[in-house]
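File shown: entry.csv (CSV, C-alpha atoms).
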chain,number,residue,atom,x,y,z
X,233,MET,CA,-29.5,18.4,-55.5
X,234,VAL,CA,-27.2,21.4,-55.7
X,235,ARG,CA,-27.4,21.9,-52.0
X,236,LEU,CA,-26.6,18.2,-51.4
X,237,ILE,CA,-23.6,18.3,-53.6
X,238,ALA,CA,-22.4,21.5,-51.8
X,239,CYS,CA,-22.7,19.9,-48.4
X,240,ILE,CA,-20.8,16.8,-49.4
X,241,GLY,CA,-18.0,18.9,-50.9
X,242,LEU,CA,-17.8,21.0,-47.7
X,243,GLY,CA,-17.7,17.9,-45.5
X,244,ALA,CA,-14.9,16.4,-47.5
X,245,PHE,CA,-13.0,19.7,-47.4
X,246,LEU,CA,-13.3,19.9,-43.6
X,247,SER,CA,-12.3,16.3,-43.1
X,248,ALA,CA,-9.2,16.8,-45.1
X,249,VAL,CA,-8.3,19.9,-43.1
X,250,VAL,CA,-9.0,18.5,-39.6
X,251,ARG,CA,-7.7,15.0,-39.9
X,252,PRO,CA,-3.9,14.6,-39.9
X,253,THR,CA,-2.7,12.7,-43.0
X,254,TYR,CA,-0.4,9.8,-42.9
X,255,GLY,CA,2.3,12.0,-44.1
X,256,ASP,CA,1.8,14.4,-41.1
X,257,ILE,CA,2.1,11.5,-38.7
X,258,THR,CA,5.2,10.3,-40.4
X,259,VAL,CA,6.8,13.8,-40.2
X,260,PHE,CA,5.9,14.1,-36.5
X,261,SER,CA,7.4,10.6,-35.8
X,262,ASN,CA,10.5,11.4,-37.7
X,263,ALA,CA,11.0,14.7,-35.8
X,264,ARG,CA,10.5,12.8,-32.4
X,265,GLU,CA,13.0,10.2,-33.3
X,266,LYS,CA,15.5,12.9,-34.5
X,267,ILE,CA,15.2,14.7,-31.1
X,268,LEU,CA,15.6,11.5,-29.2
X,269,THR,CA,18.7,10.6,-31.2
X,270,GLU,CA,20.2,14.0,-30.6
X,271,ILE,CA,19.6,14.1,-26.8
X,272,PHE,CA,20.7,10.6,-26.2
X,273,ASN,CA,23.8,10.9,-28.4
X,274,GLY,CA,26.7,10.9,-25.9
X,275,TYR,CA,24.2,10.8,-22.9
X,276,ASP,CA,25.3,8.5,-20.0
X,277,GLY,CA,22.5,7.5,-17.8
X,278,LYS,CA,24.9,6.2,-15.2
X,279,ILE,CA,26.1,9.7,-14.4
X,280,PRO,CA,23.8,12.1,-12.5
X,281,PRO,CA,23.1,15.6,-13.8
X,282,ASN,CA,25.2,18.5,-12.6
X,283,TYR,CA,28.0,16.0,-11.9
X,284,ASP,CA,30.6,18.2,-13.6
X,285,ASN,CA,29.7,21.5,-11.8
X,286,ASP,CA,29.5,19.8,-8.4
X,287,THR,CA,25.9,21.0,-7.6
X,288,PRO,CA,23.3,18.6,-6.3
X,289,VAL,CA,20.3,17.5,-8.3
X,290,LYS,CA,17.1,18.8,-6.8
X,291,SER,CA,14.3,16.3,-7.0
X,292,SER,CA,10.7,17.1,-6.2
X,293,VAL,CA,8.7,14.2,-4.8
X,294,GLN,CA,4.9,13.8,-4.6
X,295,ILE,CA,2.8,10.8,-3.6
X,296,TYR,CA,-0.7,10.0,-4.7
X,297,ILE,CA,-2.4,7.5,-2.4
X,298,ILE,CA,-4.7,5.1,-4.3
X,299,GLY,CA,-5.7,3.1,-1.3
X,300,ILE,CA,-4.6,1.7,2.1
X,301,ASP,CA,-5.6,-1.9,1.8
X,302,SER,CA,-5.0,-3.3,5.3
X,303,ILE,CA,-3.5,-2.5,8.7
X,304,ASN,CA,-2.4,-5.5,10.6
X,305,GLU,CA,-1.8,-5.2,14.4
X,306,ALA,CA,-0.3,-8.7,14.7
X,307,THR,CA,2.5,-8.1,12.3
X,308,MET,CA,2.5,-4.3,12.9
X,309,ASP,CA,2.4,-3.2,9.3
X,310,PHE,CA,0.1,-1.7,6.7
X,311,SER,CA,-0.3,-2.1,2.9
X,312,MET,CA,-0.7,0.9,0.6
X,313,SER,CA,-1.0,1.4,-3.1
X,314,PHE,CA,0.2,4.7,-4.5
X,315,PHE,CA,1.9,6.6,-7.3
X,316,VAL,CA,5.4,8.0,-6.7
X,317,ARG,CA,6.0,11.1,-8.8
X,318,GLN,CA,9.4,12.8,-9.1
X,319,ARG,CA,10.5,15.9,-11.0
X,320,TRP,CA,14.1,17.0,-11.6
X,321,VAL,CA,16.0,18.9,-14.3
X,322,ASP,CA,18.6,17.2,-16.4
X,323,ASN,CA,20.2,19.9,-18.7
X,324,ARG,CA,21.7,17.2,-20.9
X,325,LEU,CA,18.2,16.4,-22.1
X,326,ASN,CA,17.4,19.9,-23.4
X,327,TYR,CA,16.0,20.1,-26.9
X,328,THR,CA,14.3,22.5,-29.3
X,329,PRO,CA,10.7,21.6,-29.8
X,330,THR,CA,9.3,21.3,-33.3
X,331,LEU,CA,5.8,20.9,-34.7
X,332,ASN,CA,4.2,22.2,-31.5
X,333,MET,CA,5.8,19.4,-29.5
X,334,SER,CA,5.3,20.2,-25.8
X,335,ARG,CA,7.0,17.2,-24.4
X,336,LEU,CA,8.5,13.8,-25.2
X,337,GLU,CA,6.7,10.8,-23.8
X,338,LEU,CA,9.1,7.9,-23.4
X,339,ASP,CA,8.2,4.2,-23.4
X,340,THR,CA,9.6,1.8,-20.8
X,341,LYS,CA,12.5,0.8,-23.1
X,342,ARG,CA,13.7,4.3,-23.5
X,343,MET,CA,13.3,5.0,-19.7
X,344,SER,CA,16.2,2.6,-18.9
X,345,ASN,CA,18.6,5.1,-20.7
X,346,VAL,CA,17.7,8.0,-18.5
X,347,TRP,CA,19.2,8.7,-15.1
X,348,VAL,CA,16.7,8.6,-12.2
X,349,PRO,CA,17.1,9.3,-8.5
X,350,ASP,CA,17.9,6.1,-6.4
X,351,LEU,CA,14.9,6.6,-4.1
X,352,TYR,CA,14.0,3.7,-1.8
X,353,PHE,CA,11.6,3.2,1.2
X,354,VAL,CA,13.4,2.7,4.5
X,355,ASN,CA,10.5,1.0,6.4
X,356,GLU,CA,9.3,-1.1,3.5
X,357,LYS,CA,8.9,-4.9,4.1
X,358,LYS,CA,7.7,-5.8,0.6
X,359,ALA,CA,7.1,-3.8,-2.5
X,360,ASP,CA,6.1,-4.4,-6.1
X,361,VAL,CA,5.9,-2.1,-9.2
X,362,HIS,CA,2.9,-3.2,-11.2
X,363,HIS,CA,3.6,-4.8,-14.6
X,364,VAL,CA,0.0,-5.6,-15.8
X,365,THR,CA,-0.4,-5.2,-18.7
X,366,VAL,CA,2.8,-3.2,-19.1
X,367,PRO,CA,5.2,-1.8,-16.5
X,368,ASN,CA,3.2,1.0,-14.8
X,369,LYS,CA,5.8,3.7,-15.3
X,370,LEU,CA,5.7,7.1,-16.9
X,371,MET,CA,8.4,9.5,-18.1
X,372,HIS,CA,8.0,12.8,-19.8
X,373,ILE,CA,10.9,15.0,-20.9
X,374,TYR,CA,10.2,18.7,-21.5
X,375,PRO,CA,12.3,21.1,-23.7
X,376,ASP,CA,14.0,22.8,-20.8
X,377,GLY,CA,15.3,19.4,-19.5
X,378,LEU,CA,12.6,18.9,-16.9
X,379,VAL,CA,12.0,15.2,-16.3
X,380,VAL,CA,8.7,13.9,-14.9
X,381,TYR,CA,8.8,10.3,-13.7
X,382,SER,CA,6.0,8.4,-12.1
X,383,MET,CA,5.4,4.7,-11.2
X,384,ARG,CA,2.7,2.7,-9.5
X,385,VAL,CA,3.7,0.8,-6.4
X,386,THR,CA,2.0,-1.4,-3.8
X,387,ALA,CA,4.1,-1.8,-0.7
X,388,VAL,CA,3.9,-3.2,2.9
X,389,PHE,CA,5.4,-0.8,5.4
X,390,SER,CA,6.3,-1.5,9.0
X,391,CYS,CA,4.4,0.5,11.6
X,392,THR,CA,5.4,0.3,15.3
X,393,MET,CA,2.1,0.5,17.2
X,394,ASP,CA,1.3,1.3,20.8
X,395,LEU,CA,-1.6,-0.9,21.7
X,396,GLN,CA,-2.1,0.2,25.4
X,397,LYS,CA,-5.4,1.8,24.5
X,398,TYR,CA,-6.5,-0.9,22.0
X,399,PRO,CA,-9.2,-0.8,20.6
X,400,LEU,CA,-9.7,2.9,21.7
X,401,ASP,CA,-6.4,3.9,20.2
X,402,ASP,CA,-4.9,6.1,17.6
X,403,GLN,CA,-1.9,5.1,15.6
X,404,LYS,CA,0.9,7.0,13.8
X,405,CYS,CA,2.4,5.2,10.8
X,406,TYR,CA,5.2,6.5,8.6
X,407,VAL,CA,6.5,6.2,5.1
X,408,VAL,CA,10.2,7.1,4.9
X,409,LEU,CA,12.0,7.8,1.7
X,410,GLU,CA,15.8,8.1,1.3
X,411,SER,CA,18.4,8.1,-1.3
X,412,TYR,CA,20.3,4.8,-1.1
X,413,GLY,CA,23.7,5.8,-2.6
X,414,TYR,CA,23.8,9.5,-3.4
X,415,SER,CA,24.7,11.9,-0.6
X,416,THR,CA,23.2,15.4,-0.4
X,417,GLU,CA,26.2,16.6,-2.4
X,418,THR,CA,24.8,14.8,-5.4
X,419,LEU,CA,21.0,14.5,-4.8
X,420,VAL,CA,18.6,16.5,-2.7
X,421,MET,CA,15.0,15.3,-2.5
X,422,ARG,CA,12.3,17.7,-1.3
X,423,TRP,CA,8.6,17.5,-1.1
X,424,HIS,CA,6.4,19.0,-3.8
X,425,PRO,CA,4.4,22.1,-2.8
X,426,ASN,CA,1.4,19.7,-2.7
X,427,PRO,CA,3.2,16.6,-1.3
X,428,VAL,CA,0.3,14.2,-0.9
X,429,GLU,CA,-2.8,13.6,-2.9
X,430,LYS,CA,-5.5,11.1,-2.1
X,431,ALA,CA,-8.1,9.3,-4.2
X,432,ASP,CA,-11.6,10.6,-3.6
X,433,ASN,CA,-12.9,7.2,-2.7
X,434,LEU,CA,-10.2,6.4,-0.2
X,435,GLN,CA,-11.7,4.4,2.7
X,436,LEU,CA,-10.3,2.2,5.4
X,437,PRO,CA,-12.4,-0.6,7.0
X,438,GLN,CA,-11.4,0.0,10.7
X,439,PHE,CA,-9.6,3.3,10.6
X,440,GLU,CA,-10.1,6.9,9.6
X,441,LEU,CA,-7.2,8.7,8.0
X,442,GLN,CA,-7.4,12.0,9.8
X,443,ASN,CA,-4.2,13.8,8.9
X,444,ILE,CA,-1.0,13.4,6.8
X,445,THR,CA,2.1,15.4,7.8
X,446,ASP,CA,5.2,15.7,5.7
X,447,TYR,CA,8.8,16.1,7.1
X,448,ILE,CA,12.3,16.5,5.9
X,449,CYS,CA,14.5,14.1,7.8
X,450,ASP,CA,18.0,14.2,6.3
X,451,VAL,CA,20.1,11.6,8.1
X,452,THR,CA,23.9,10.9,8.5
X,453,TYR,CA,25.5,7.5,8.2
X,454,ALA,CA,29.2,7.1,8.9
X,455,GLY,CA,29.7,10.8,8.5
X,456,VAL,CA,27.9,11.1,5.2
X,457,THR,CA,24.6,13.0,5.0
X,458,TYR,CA,21.8,11.5,2.8
X,459,THR,CA,18.5,13.1,1.8
X,460,CYS,CA,15.4,11.9,3.5
X,461,LEU,CA,11.7,12.5,3.4
X,462,LYS,CA,9.0,11.3,5.8
X,463,LEU,CA,5.2,11.1,5.8
X,464,GLU,CA,3.3,10.7,9.0
X,465,LEU,CA,-0.2,9.1,8.7
X,466,PHE,CA,-2.4,9.7,11.7
X,467,LEU,CA,-5.0,6.9,11.9
X,468,HIS,CA,-8.0,7.0,14.2
X,469,ARG,CA,-9.5,3.6,15.0
X,470,ASN,CA,-13.3,3.2,14.5
X,471,LEU,CA,-14.9,1.7,17.6
X,472,GLY,CA,-18.1,0.5,16.0
X,473,TYR,CA,-16.9,-3.0,15.2
X,474,TYR,CA,-15.6,-3.6,18.7
X,475,ILE,CA,-18.7,-2.3,20.3
X,476,ILE,CA,-20.9,-4.7,18.4
X,477,GLN,CA,-18.6,-7.7,18.4
X,478,VAL,CA,-16.7,-7.5,21.7
X,479,TYR,CA,-18.1,-5.1,24.3
X,480,ILE,CA,-21.9,-5.7,24.0
X,481,PRO,CA,-21.6,-9.5,23.9
X,482,SER,CA,-19.3,-9.6,26.9
X,483,PHE,CA,-21.6,-7.1,28.7
X,484,LEU,CA,-24.6,-9.3,28.2
X,485,ILE,CA,-22.7,-12.4,29.3
X,486,VAL,CA,-21.9,-10.7,32.6
X,487,ILE,CA,-25.5,-9.7,33.1
X,488,LEU,CA,-26.6,-13.3,32.3
X,489,SER,CA,-24.4,-14.6,35.1
X,490,TRP,CA,-26.4,-12.5,37.6
X,491,VAL,CA,-29.6,-14.4,36.8
X,492,SER,CA,-28.4,-17.1,39.2
X,493,PHE,CA,-28.9,-14.7,42.1
X,494,TRP,CA,-32.7,-14.8,41.4
X,495,LEU,CA,-32.9,-18.6,41.2
X,496,ASN,CA,-33.8,-20.6,44.3
X,497,VAL,CA,-31.0,-21.6,46.6
X,498,ASP,CA,-31.9,-25.3,46.1
X,499,SER,CA,-31.8,-25.1,42.3
X,500,THR,CA,-28.4,-26.5,42.1
X,501,PRO,CA,-28.4,-28.0,38.6
X,502,ALA,CA,-29.7,-24.7,37.0
X,503,ARG,CA,-27.3,-22.4,38.9
X,504,ILE,CA,-24.2,-24.5,38.3
X,505,SER,CA,-25.1,-24.9,34.6
X,506,LEU,CA,-25.6,-21.2,34.2
X,507,GLY,CA,-22.4,-20.4,36.1
X,508,LEU,CA,-20.2,-22.8,34.0
X,509,LEU,CA,-21.8,-21.7,30.8
X,510,THR,CA,-21.0,-18.0,31.3
X,511,VAL,CA,-17.5,-18.7,32.5
X,512,LEU,CA,-16.7,-20.9,29.4
X,513,THR,CA,-18.4,-18.5,27.0
X,514,MET,CA,-16.4,-15.6,28.5
X,515,THR,CA,-13.2,-17.5,28.2
X,516,THR,CA,-13.8,-18.3,24.6
X,517,GLN,CA,-14.7,-14.8,23.7
X,518,SER,CA,-11.7,-13.4,25.4
X,519,GLN,CA,-9.4,-15.7,23.4
X,520,GLY,CA,-11.1,-14.7,20.2
X,521,ALA,CA,-10.7,-11.0,20.9
X,522,LYS,CA,-7.0,-11.3,21.5
X,523,ALA,CA,-6.2,-13.8,18.7
X,524,SER,CA,-5.3,-11.1,16.1
X,525,LEU,CA,-3.1,-9.2,18.5
X,526,PRO,CA,0.7,-9.4,19.0
X,527,ARG,CA,2.1,-10.9,22.3
X,528,VAL,CA,3.2,-7.6,23.8
X,529,SER,CA,4.5,-7.3,27.4
X,530,TYR,CA,2.2,-4.4,28.5
X,531,ILE,CA,-1.5,-4.5,29.4
X,532,LYS,CA,-4.0,-3.4,26.7
X,533,ALA,CA,-7.4,-1.9,27.3
X,534,ILE,CA,-9.1,-5.0,25.8
X,535,ASP,CA,-7.2,-7.1,28.4
X,536,ILE,CA,-8.6,-5.1,31.2
X,537,TRP,CA,-12.1,-5.4,29.9
X,538,MET,CA,-12.1,-9.1,29.1
X,539,SER,CA,-10.3,-10.0,32.4
X,540,THR,CA,-12.7,-8.0,34.5
X,541,CYS,CA,-15.7,-9.5,32.8
X,542,LEU,CA,-14.3,-13.0,33.3
X,543,LEU,CA,-13.7,-12.1,36.9
X,544,PHE,CA,-17.3,-11.0,37.4
X,545,VAL,CA,-18.8,-14.2,35.9
X,546,PHE,CA,-16.3,-16.3,37.9
X,547,ALA,CA,-17.2,-14.4,41.1
X,548,ALA,CA,-20.9,-15.2,40.4
X,549,LEU,CA,-20.0,-18.9,40.2
X,550,ILE,CA,-18.1,-18.7,43.5
X,551,GLU,CA,-21.0,-16.9,45.1
X,552,PHE,CA,-23.3,-19.8,44.2
X,553,ALA,CA,-20.7,-22.3,45.6
X,554,TYR,CA,-20.8,-20.5,49.0
X,555,VAL,CA,-24.6,-20.3,49.0
X,556,ASN,CA,-24.7,-24.0,48.2
X,557,VAL,CA,-22.4,-24.8,51.1
X,558,LEU,CA,-24.7,-22.9,53.5
X,559,ALA,CA,-27.7,-24.8,52.1
X,560,ARG,CA,-26.0,-28.2,52.5
X,561,VAL,CA,-25.1,-27.4,56.2
X,562,ASP,CA,-28.8,-27.5,56.9
X,563,GLN,CA,-29.2,-31.0,55.5
X,564,ARG,CA,-26.2,-32.2,57.6
X,565,LYS,CA,-27.7,-30.8,60.7
X,566,VAL,CA,-31.1,-32.4,60.0
X,567,ASN,CA,-29.4,-35.8,59.6
X,568,SER,CA,-27.4,-35.3,62.7
X,569,VAL,CA,-30.4,-34.4,64.9
X,570,THR,CA,-32.5,-37.2,63.6
X,571,SER,CA,-29.8,-39.7,64.4
X,572,LYS,CA,-29.4,-38.5,67.9
X,573,LEU,CA,-33.2,-38.6,68.5
X,574,ASN,CA,-33.4,-42.2,67.3
X,575,GLU,CA,-30.5,-43.4,69.4
X,576,ALA,CA,-31.3,-41.5,72.7
X,577,LYS,CA,-35.0,-42.2,72.5
X,578,GLU,CA,-35.6,-39.1,74.6
X,579,ASP,CA,-39.0,-38.2,75.9
X,580,GLU,CA,-41.5,-36.1,73.9
X,581,GLU,CA,-40.6,-32.9,75.6
X,582,GLU,CA,-36.8,-33.1,74.8
X,583,LYS,CA,-37.6,-34.2,71.3
X,584,THR,CA,-39.9,-31.1,70.8
X,585,GLN,CA,-37.2,-28.8,72.2
X,586,ASN,CA,-34.5,-30.3,69.8
X,587,GLN,CA,-36.8,-30.0,66.8
X,588,GLN,CA,-37.5,-26.4,67.7
X,589,SER,CA,-33.8,-25.8,68.0
X,590,TRP,CA,-33.2,-27.5,64.6
X,591,CYS,CA,-35.9,-25.4,63.0
X,592,PHE,CA,-34.3,-22.2,64.3
X,593,THR,CA,-30.9,-23.2,63.0
X,594,LYS,CA,-32.4,-24.2,59.6
X,595,LEU,CA,-34.2,-20.9,59.4
X,596,GLU,CA,-31.0,-19.0,60.3
X,597,ASP,CA,-28.8,-20.8,57.6
X,598,LYS,CA,-31.5,-20.5,54.9
X,599,GLU,CA,-31.9,-16.8,55.6
X,600,ARG,CA,-28.1,-16.3,55.4
X,601,ALA,CA,-28.0,-17.9,52.0
X,602,ARG,CA,-31.0,-15.9,50.7
X,603,MET,CA,-29.6,-12.7,52.2
X,604,LEU,CA,-26.3,-13.3,50.4
X,605,ASP,CA,-28.2,-13.7,47.1
X,606,LYS,CA,-30.1,-10.4,47.7
X,607,ILE,CA,-26.9,-8.5,48.5
X,608,SER,CA,-25.3,-9.9,45.4
X,609,ARG,CA,-28.2,-8.7,43.3
X,610,ALA,CA,-27.3,-5.1,44.2
X,611,ILE,CA,-23.5,-5.4,44.8
X,612,PHE,CA,-22.5,-7.0,41.5
X,613,PRO,CA,-24.3,-4.5,39.2
X,614,ALA,CA,-23.2,-1.6,41.3
X,615,VAL,CA,-19.5,-2.6,41.2
X,616,PHE,CA,-19.7,-3.4,37.4
X,617,LEU,CA,-21.3,0.0,36.8
X,618,VAL,CA,-18.4,1.7,38.7
X,619,PHE,CA,-15.9,-0.3,36.7
X,620,ASN,CA,-17.5,0.8,33.5
X,621,ILE,CA,-17.4,4.5,34.5
X,622,ILE,CA,-13.8,4.3,35.4
X,623,TYR,CA,-12.8,2.2,32.4
X,624,TRP,CA,-14.4,4.5,29.8
X,625,LEU,CA,-13.2,7.7,31.4
X,626,VAL,CA,-9.7,6.5,31.6
X,627,TYR,CA,-9.3,5.0,28.2
X,628,VAL,CA,-11.2,7.7,26.3
X,629,PHE,CA,-9.3,10.7,27.8
X,630,TRP,CA,-5.9,9.1,28.8
X,631,GLU,CA,-3.0,9.4,26.4
X,632,PRO,CA,-0.1,7.1,27.0
X,633,SER,CA,3.4,8.6,27.1
X,634,PRO,CA,5.5,8.1,23.9
X,635,ALA,CA,8.2,6.5,26.0
X,636,ALA,CA,5.8,3.8,27.0
Could you write out this file's structure as structure tokens?
Amino acid sequence: MVRLIACIGLGAFLSAVVRPTYGDITVFSNAREKILTEIFNGYDGKIPPNYDNDTPVKSSVQIYIIGIDSINEATMDFSMSFFVRQRWVDNRLNYTPTLNMSRLELDTKRMSNVWVPDLYFVNEKKADVHHVTVPNKLMHIYPDGLVVYSMRVTAVFSCTMDLQKYPLDDQKCYVVLESYGYSTETLVMRWHPNPVEKADNLQLPQFELQNITDYICDVTYAGVTYTCLKLELFLHRNLGYYIIQVYIPSFLIVILSWVSFWLNVDSTPARISLGLLTVLTMTTQSQGAKASLPRVSYIKAIDIWMSTCLLFVFAALIEFAYVNVLARVDQRKVNSVTSKLNEAKEDEEEKTQNQQSWCFTKLEDKERARMLDKISRAIFPAVFLVFNIIYWLVYVFWEPSPAA
């Protein structure tokens, strides 16, 4: 019993020591409000720091990429969610910490009273700062006047793409940040020593983000220099989707068109059905592969492939038409010889000679048609193989000039 009472007493003592009392919380809150009142007394958030001594404010910028949601070739843009983090020193916000207070954490209402850099995205099409469930903004003020400001943004950025090698291409997209109204005499933005951070689970459906390069790109408008920062995102397109959905089906359709070369010359319904089916299927697939692409004036790699495949299946149909003409010539000759024999009523010897002559002609035309099919069985695959070798060598190793 004595031990039980001692344990209860010790627990009560430790709980009283560790847990802050309501009075402690009140003291801390009062001290925080007192500091905020002091630093904002006479503070004008419309005037940038260092305005009186004519030195620019140096702002450090860092971007944390949460995800790249989509990359659209048709509209030539990409969507990205990220945190924008900025750091700068505002000496007007200096204070003396009390009660081990390392920093002041401001709510969104207080943030509107603090001066912030007028950063904007040059190549932004549409952007939103998240407001669910509260505005996704953060601001911390440290005793030495250091201000840490962060906000969560989802934006759509324009990205001029060169699609000459599509879908075997790599793309470079940019995020450009500038000061909208402050020149470099008032505000200078520079990248943080670690300018870009990425989420560990960052993945893109059709691309691989291989490299991110940061630049300083101060620009001059109307004789006034403004601070500028740029990120270059190097994106490598994954070819797996296009191999499965575009290249392999079109390759098989071309091979299917060659089946007609093994069909009998007289199998007109089967050969014409096969030829028309492959041409129509190839046309439909070509239109589907190009539906999500912009209408650019230059030729793309996918255009070369689909057009060549369409040409091969169309050539197979034309080959059948020529073979069919040769076969029909025989029938016309048969009818012509039979008519002459009936009208002239020549003797048996002349009839036999004409029949022998007709049989020779028939054999010659039939053999020409069959020979053309045999040649096509070898020529079409050989030419298509050569085209594949040239196509893949060129578009895998060739790099288009930037001017193009």
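The smallest atom-to-atom distance between Arg317 in chain X and any of X:Asp376, X:Glu429, X:Asp284, X:Asp360, using all atoms listed in the file, is found for X:Glu429.
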**Request:** Determine, counting only C-alpha atoms, which protein, DNA and RNA residues have an atom within 7 Å of an atom of range 483-494 of chain X; residues of the same chain fewer than 5 positions away are not included. Present the result as JSON, numbers by chain.
**Result:** {"X": [503, 506, 507, 510, 541, 544, 545, 548, 605, 608, 609]}
**Message:** As an exercise, work out the distance from CA of Ser302 in chain X to CA of Gln396 in chain X in Å and give it to one decimal place.
**Reply:** 20.6 Å
**Message:** Given all atoms listed in the file as the basis, pick out the residue of X:Ile303, X:Val321, X:Met343, X:Met538 nearest to Phe439 in chain X.
**Reply:** X:Ile303
**Message:** Give me, as a list in words, all polymer residues having an atom no more than 9 Å from Arg602 in chain X, counting all atoms listed in the file and skipping those fewer than 5 positions away in the same chain.
**Reply:**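 Those residues are Phe493, Asn496, Val497, Val555, Asp597 and Ile607 of chain X.
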